[in-house]
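Q: TSV, C-alpha atoms, file coords_21.tsv:
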chain	number	residue	atom	x	y	z
A	1	MET	CA	35.67	-21.25	-18.98
A	2	ALA	CA	35.75	-18.31	-16.55
A	3	SER	CA	33.05	-16.47	-18.55
A	4	ASN	CA	30.77	-19.54	-18.33
A	5	ALA	CA	31.20	-19.56	-14.57
A	6	TRP	CA	30.15	-15.92	-14.40
A	7	VAL	CA	27.09	-16.61	-16.56
A	8	ILE	CA	26.09	-19.53	-14.33
A	9	LEU	CA	26.64	-17.40	-11.20
A	10	ALA	CA	24.53	-14.58	-12.68
A	11	ILE	CA	21.69	-17.00	-13.51
A	12	VAL	CA	21.77	-18.49	-10.01
A	13	LEU	CA	21.77	-15.04	-8.37
A	14	ALA	CA	18.94	-13.81	-10.60
A	15	THR	CA	16.91	-16.90	-9.74
A	16	LEU	CA	17.54	-16.47	-6.03
A	17	LEU	CA	16.67	-12.78	-6.12
A	18	GLY	CA	13.54	-13.47	-8.17
A	19	THR	CA	12.31	-16.09	-5.75
A	20	HIS	CA	12.69	-13.71	-2.81
A	21	ALA	CA	11.16	-10.66	-4.47
A	22	GLY	CA	7.64	-11.40	-3.17
A	23	ASP	CA	6.19	-13.84	-0.68
A	24	PRO	CA	8.21	-17.05	-0.42
A	25	ASP	CA	6.61	-20.27	-1.62
A	26	ILE	CA	5.54	-22.60	1.18
A	27	THR	CA	5.87	-26.37	1.21
A	28	SER	CA	2.61	-27.02	3.06
A	29	ASP	CA	-1.01	-26.12	2.44
A	30	PHE	CA	-0.88	-23.30	4.98
A	31	ILE	CA	1.17	-21.97	7.91
A	32	VAL	CA	-0.12	-22.20	11.46
A	33	PRO	CA	1.50	-20.08	14.19
A	34	ASP	CA	2.93	-21.95	17.18
A	35	GLY	CA	0.31	-22.78	19.79
A	36	VAL	CA	-2.63	-22.50	17.37
A	37	THR	CA	-4.86	-25.40	16.38
A	38	PRO	CA	-6.48	-24.56	13.05
A	39	ASP	CA	-10.24	-24.72	12.68
A	40	ALA	CA	-12.73	-22.84	10.50
A	41	ASP	CA	-12.30	-19.72	12.63
A	42	PHE	CA	-8.58	-19.68	11.84
A	43	PHE	CA	-9.45	-19.19	8.15
A	44	THR	CA	-12.09	-16.52	8.87
A	45	PHE	CA	-11.45	-12.79	9.33
A	46	LYS	CA	-14.23	-10.52	10.61
A	47	GLY	CA	-12.25	-7.32	11.05
A	48	LEU	CA	-13.49	-5.53	7.93
A	49	LYS	CA	-17.19	-5.39	8.82
A	50	GLN	CA	-17.24	-1.95	10.43
A	51	ALA	CA	-15.08	-0.44	7.69
A	52	LEU	CA	-17.61	-1.23	4.96
A	53	TRP	CA	-20.02	1.50	5.97
A	54	GLY	CA	-19.58	5.15	5.04
A	55	ALA	CA	-16.98	7.70	6.01
A	56	PRO	CA	-14.31	7.15	8.64
A	57	LYS	CA	-14.97	8.62	12.07
A	58	ASP	CA	-12.63	11.38	13.28
A	59	ALA	CA	-10.28	11.23	10.26
A	60	PRO	CA	-10.35	12.28	6.60
A	61	PHE	CA	-8.99	8.87	5.57
A	62	LYS	CA	-8.78	5.43	7.18
A	63	VAL	CA	-7.39	2.11	6.00
A	64	THR	CA	-8.42	-1.19	7.60
A	65	LYS	CA	-6.10	-4.03	6.66
A	66	ALA	CA	-6.42	-7.80	6.43
A	67	SER	CA	-2.74	-8.71	6.08
A	68	GLN	CA	-0.78	-11.50	7.74
A	69	VAL	CA	-0.43	-9.28	10.83
A	70	GLU	CA	-4.19	-8.99	11.38
A	71	PHE	CA	-5.10	-12.34	9.79
A	72	PRO	CA	-2.34	-14.94	10.39
A	73	ALA	CA	-3.98	-17.50	8.06
A	74	LEU	CA	-2.67	-15.37	5.18
A	75	MET	CA	0.97	-16.20	5.94
A	76	GLY	CA	2.46	-17.82	2.86
A	77	GLN	CA	-0.69	-17.30	0.76
A	78	SER	CA	0.56	-14.26	-1.23
A	79	VAL	CA	-2.69	-12.34	-0.81
A	80	SER	CA	-4.12	-9.61	1.43
A	81	TYR	CA	-6.89	-7.06	1.45
A	82	ALA	CA	-7.70	-3.57	2.67
A	83	VAL	CA	-10.74	-1.33	2.97
A	84	LEU	CA	-10.09	2.35	2.25
A	85	GLN	CA	-12.57	4.86	3.69
A	86	PHE	CA	-12.50	8.46	2.48
A	87	ALA	CA	-14.41	11.31	4.10
A	88	PRO	CA	-15.48	14.12	1.74
A	89	GLY	CA	-12.22	15.67	0.57
A	90	GLY	CA	-10.14	12.87	2.12
A	91	ILE	CA	-6.89	11.66	0.56
A	92	ASN	CA	-4.56	8.69	0.77
A	93	PRO	CA	-1.20	10.52	0.37
A	94	PRO	CA	1.44	9.43	-2.15
A	95	HIS	CA	2.91	6.08	-1.11
A	96	THR	CA	4.32	2.83	-2.44
A	97	HIS	CA	3.90	-0.89	-1.75
A	98	PRO	CA	7.37	-2.44	-2.14
A	99	ARG	CA	6.22	-6.07	-2.25
A	100	SER	CA	3.02	-6.04	-4.30
A	101	ALA	CA	0.86	-4.46	-6.96
A	102	GLU	CA	-2.50	-3.12	-5.73
A	103	LEU	CA	-5.83	-3.72	-7.45
A	104	LEU	CA	-8.34	-1.10	-6.25
A	105	LEU	CA	-12.13	-1.36	-6.68
A	106	VAL	CA	-14.34	1.65	-5.91
A	107	VAL	CA	-17.49	0.40	-4.17
A	108	GLN	CA	-19.01	3.74	-3.14
A	109	GLY	CA	-18.65	7.25	-4.55
A	110	SER	CA	-15.80	8.22	-6.84
A	111	LEU	CA	-12.04	8.60	-6.46
A	112	GLU	CA	-9.34	10.40	-8.37
A	113	VAL	CA	-6.36	8.07	-8.51
A	114	GLY	CA	-2.89	8.43	-9.92
A	115	LEU	CA	0.48	6.77	-10.27
A	116	VAL	CA	3.93	7.90	-11.35
A	117	ASP	CA	6.07	5.45	-13.32
A	118	SER	CA	9.86	5.16	-13.39
A	119	ASN	CA	10.00	7.63	-16.31
A	120	ASN	CA	8.32	10.23	-14.09
A	121	THR	CA	5.09	10.04	-16.13
A	122	LEU	CA	1.88	10.72	-14.19
A	123	PHE	CA	-1.20	8.61	-15.00
A	124	THR	CA	-4.47	9.81	-13.46
A	125	GLN	CA	-8.06	8.64	-13.69
A	126	VAL	CA	-11.38	9.43	-12.03
A	127	LEU	CA	-12.95	6.15	-10.99
A	128	GLN	CA	-16.67	5.67	-10.45
A	129	THR	CA	-18.37	2.98	-8.37
A	130	GLY	CA	-17.65	-0.46	-9.84
A	131	GLU	CA	-14.43	0.54	-11.64
A	132	LEU	CA	-10.97	-0.98	-11.05
A	133	PHE	CA	-7.46	0.49	-11.25
A	134	VAL	CA	-4.13	-1.30	-10.88
A	135	PHE	CA	-1.09	0.28	-9.22
A	136	PRO	CA	2.03	-1.65	-10.28
A	137	LYS	CA	4.34	-2.89	-7.55
A	138	GLY	CA	6.68	-0.30	-6.08
A	139	LEU	CA	5.33	2.73	-7.99
A	140	VAL	CA	4.28	5.92	-6.21
A	141	HIS	CA	0.50	6.33	-6.22
A	142	PHE	CA	-2.35	8.10	-4.43
A	143	GLN	CA	-6.13	8.29	-4.14
A	144	ALA	CA	-8.33	11.34	-3.43
A	145	ASN	CA	-12.03	11.86	-2.84
A	146	LYS	CA	-12.64	15.20	-4.54
A	147	ASP	CA	-16.35	15.20	-3.61
A	148	PRO	CA	-16.97	17.90	-0.96
A	149	ARG	CA	-20.23	16.31	0.24
A	150	TYR	CA	-20.10	12.52	-0.01
A	151	PRO	CA	-17.71	9.84	1.28
A	152	ALA	CA	-16.04	7.22	-0.89
A	153	LEU	CA	-15.14	3.61	-0.19
A	154	ALA	CA	-12.72	1.28	-1.98
A	155	LEU	CA	-11.42	-2.27	-1.61
A	156	SER	CA	-7.79	-3.06	-2.39
A	157	ALA	CA	-6.36	-6.50	-3.11
A	158	PHE	CA	-2.63	-7.25	-2.93
A	159	GLY	CA	-0.48	-10.08	-4.26
A	160	SER	CA	1.39	-10.39	-0.97
A	161	ALA	CA	0.36	-11.24	2.58
A	162	ASN	CA	2.55	-8.30	3.62
A	163	ALA	CA	2.61	-5.74	0.80
A	164	GLY	CA	4.19	-3.04	2.97
A	165	THR	CA	3.37	0.67	2.76
A	166	VAL	CA	5.91	3.46	2.46
A	167	SER	CA	4.16	6.83	2.92
A	168	LEU	CA	6.23	9.47	1.14
A	169	PRO	CA	5.34	12.42	3.42
A	170	LYS	CA	6.09	10.42	6.58
A	171	THR	CA	9.19	8.78	5.12
A	172	LEU	CA	10.71	12.00	3.80
A	173	PHE	CA	9.69	14.47	6.48
A	174	GLY	CA	8.95	12.33	9.54
A	175	SER	CA	11.90	9.94	9.69
A	176	GLY	CA	14.72	12.26	10.68
A	177	VAL	CA	16.31	12.87	7.26
A	178	ASP	CA	18.65	15.85	7.67
A	179	LYS	CA	16.71	19.09	7.06
A	180	ASP	CA	19.54	20.57	4.99
A	181	VAL	CA	19.41	17.54	2.69
A	182	LEU	CA	15.64	17.97	2.37
A	183	ALA	CA	15.90	21.72	1.70
A	184	LYS	CA	18.49	21.21	-1.05
A	185	SER	CA	16.63	18.24	-2.55
A	186	PHE	CA	13.33	20.12	-2.76
A	187	LYS	CA	14.91	23.51	-3.49
A	188	ALA	CA	12.99	24.91	-0.53
A	189	ASP	CA	13.86	27.27	2.29
A	190	ALA	CA	14.47	26.08	5.86
A	191	GLN	CA	11.14	27.44	7.15
A	192	THR	CA	9.16	25.40	4.60
A	193	ILE	CA	11.08	22.25	5.51
A	194	ASP	CA	10.54	22.94	9.24
A	195	LYS	CA	6.78	23.18	8.64
A	196	LEU	CA	6.72	19.91	6.68
A	197	VAL	CA	8.83	18.09	9.27
A	198	SER	CA	6.65	19.42	12.09
A	199	ALA	CA	3.44	18.37	10.32
A	200	ASN	CA	4.75	14.83	9.72
A	201	THR	CA	6.20	14.17	13.17
A	202	MET	CA	3.15	15.17	15.20
A	203	GLY	CA	1.12	12.36	16.76
Have the structure of the file written as structure tokens, please.
A:
Amino acid sequence: MASNAWVILAIVLATLLGTHAGDPDITSDFIVPDGVTPDADFFTFKGLKQALWGAPKDAPFKVTKASQVEFPALMGQSVSYAVLQFAPGGINPPHTHPRSAELLLVVQGSLEVGLVDSNNTLFTQVLQTGELFVFPKGLVHFQANKDPRYPALALSAFGSANAGTVSLPKTLFGSGVDKDVLAKSFKADAQTIDKLVSANTMG
């Protein structure tokens, strides 16, 4: 009898955890923020226009998002978008999205992409214009424009209105993790850690 209770409790907990792993289901067609009267403009986002042309200005890499923060009509819809602009030689450093997979489409130039799975296996590919790559939810991944002369542009779709981004360099070296812990973890000397911390806490 007691073992059945534990099985039932485990099933209930697994169900609850599963339902909260991504965006919650909504019980209406869409969610409207307080004080907003929906019209066609509410369902329209124009913030990606400038990002669809060439290299980013004043940066080697730029991401322009259309998530529920920038586009409130996405709340509860389990979808979002981003435009990734790469200058020649630009990179999107290793990072994760804790709440969604990412489906990346190269629309200009080429990108070297890679992901590391939970077995510490690295998968890399060079993508040309028109090719897609999927980064599974929560796995560390990156993109790099190895072309020294031409920019690259990609579109990313997410299965969450708020996929989240955890940048590994910023998280590890820019968040205040104890330097001694970092030095021992990376088997590095204090000077190297100081340089990494300094580079990731500026600006």
Q: How many Å lie between CA of Ser78 (chain A) and CA of Arg99 (chain A), rounded to one decimal?
A: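 Interatomic distance, CA of Ser78 (chain A) to CA of Arg99 (chain A): 10.0 Å.
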Q: Taking only C-alpha atoms into account, which of A:Pro93, A:Pro136, A:Pro88, A:Pro56 comes nearest Asn200 (chain A)?
A: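 Between A:Pro93, A:Pro136, A:Pro88, A:Pro56, the residue approaching Asn200 (chain A) most closely is A:Pro93.
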Q: Residues near region 73-76 of chain A, anyone? I mean within 7 Å using all atoms listed in the file, not counting same-chain ones fewer than 4 positions away, as a list in words.
A: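 The filter keeps Asp23, Pro24, Asp25, Ile26, Phe30, Ile31, Val32, Phe42, Phe43, Ser67, Gln68 and Ala161 of chain A.
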Q: To one decimal place, how far is CA of Pro151 (chain A) from CA of Leu196 (chain A) in Å?
A: 27.0 Å
Q: Of the candidates A:Gly159, A:Pro148, A:Gly114, A:Gly47, which shows the shortest atom-to-atom distance to Gly90 (chain A), using all atoms listed in the file?
A: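 Smallest distance to Gly90 (chain A) is found for A:Pro148.
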Q: Looking at A:Pro169, A:Pro33, A:Gly109, A:Gly176, which one is nearest to Glu131 (chain A), with distances taken over all atoms listed in the file?
A: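 Looking only at the distances to Glu131 (chain A), the closest residue turns out to be A:Gly109.
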Q: Could you state the separation of CA of Phe86 (chain A) and CA of Thr192 (chain A) in Å, given to one decimal place?
A: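 Calculated distance between CA of Phe86 (chain A) and CA of Thr192 (chain A) is 27.6 Å.
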Q: Can you list, as a ChimeraX atom specification, every protein, DNA or RNA residue that comes within 8 Å of Leu105 (chain A) when you count all atoms listed in the file, leaving out same-chain residues fewer than 3 positions away?
A: /A:129-133,154-156
Q: Applying 6 Å and all atoms listed in the file, which residues near Gln85 (chain A) remain after dropping the ones on its own chain fewer than 5 positions away? List them as a PyMOL selection string.
A: chain A and resi 55-56+61-62+153
Q: Which polymer residues, protein or nucleic acid, are no farther than 8 Å from (-0.7, 0.2, -10.1), counting all atoms listed in the file, as a list of chain:residue names?
A: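 Output of the proximity query reads A:Ala101, A:Glu102, A:Leu103, A:Leu115, A:Phe133, A:Val134, A:Phe135, A:Pro136, A:Lys137, A:Leu139, A:His141.
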Q: A:Leu122, A:Val106, A:Ala144, A:Ala157: which is nearest Ala66 (chain A), counting only C-alpha atoms?
A: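 Using only C-alpha atoms, Ala66 (chain A) sits closest to A:Ala157.
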Q: Check the smallest atom-to-atom distance from each of A:Gln77, A:Ser110, A:Ser160, A:Thr124 to Lys146 (chain A) using all atoms listed in the file, then report the winner.
A: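 Answer, going by the shortest atom-to-atom distance: A:Ser110.
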Q: Fewer than 3 positions away in the same chain doesn't count, so skip those; otherwise give me all residues within 7 Å of Thr165 (chain A), counting all atoms listed in the file, as a list in words.
A: His95, Thr96 and His97 of chain A
Q: Pick from A:Val83, A:Thr171, A:Leu182, A:Ile193: nearest to Trp53 (chain A), with all atoms listed in the file counted?
A: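 Answer, going by the shortest atom-to-atom distance: A:Val83.
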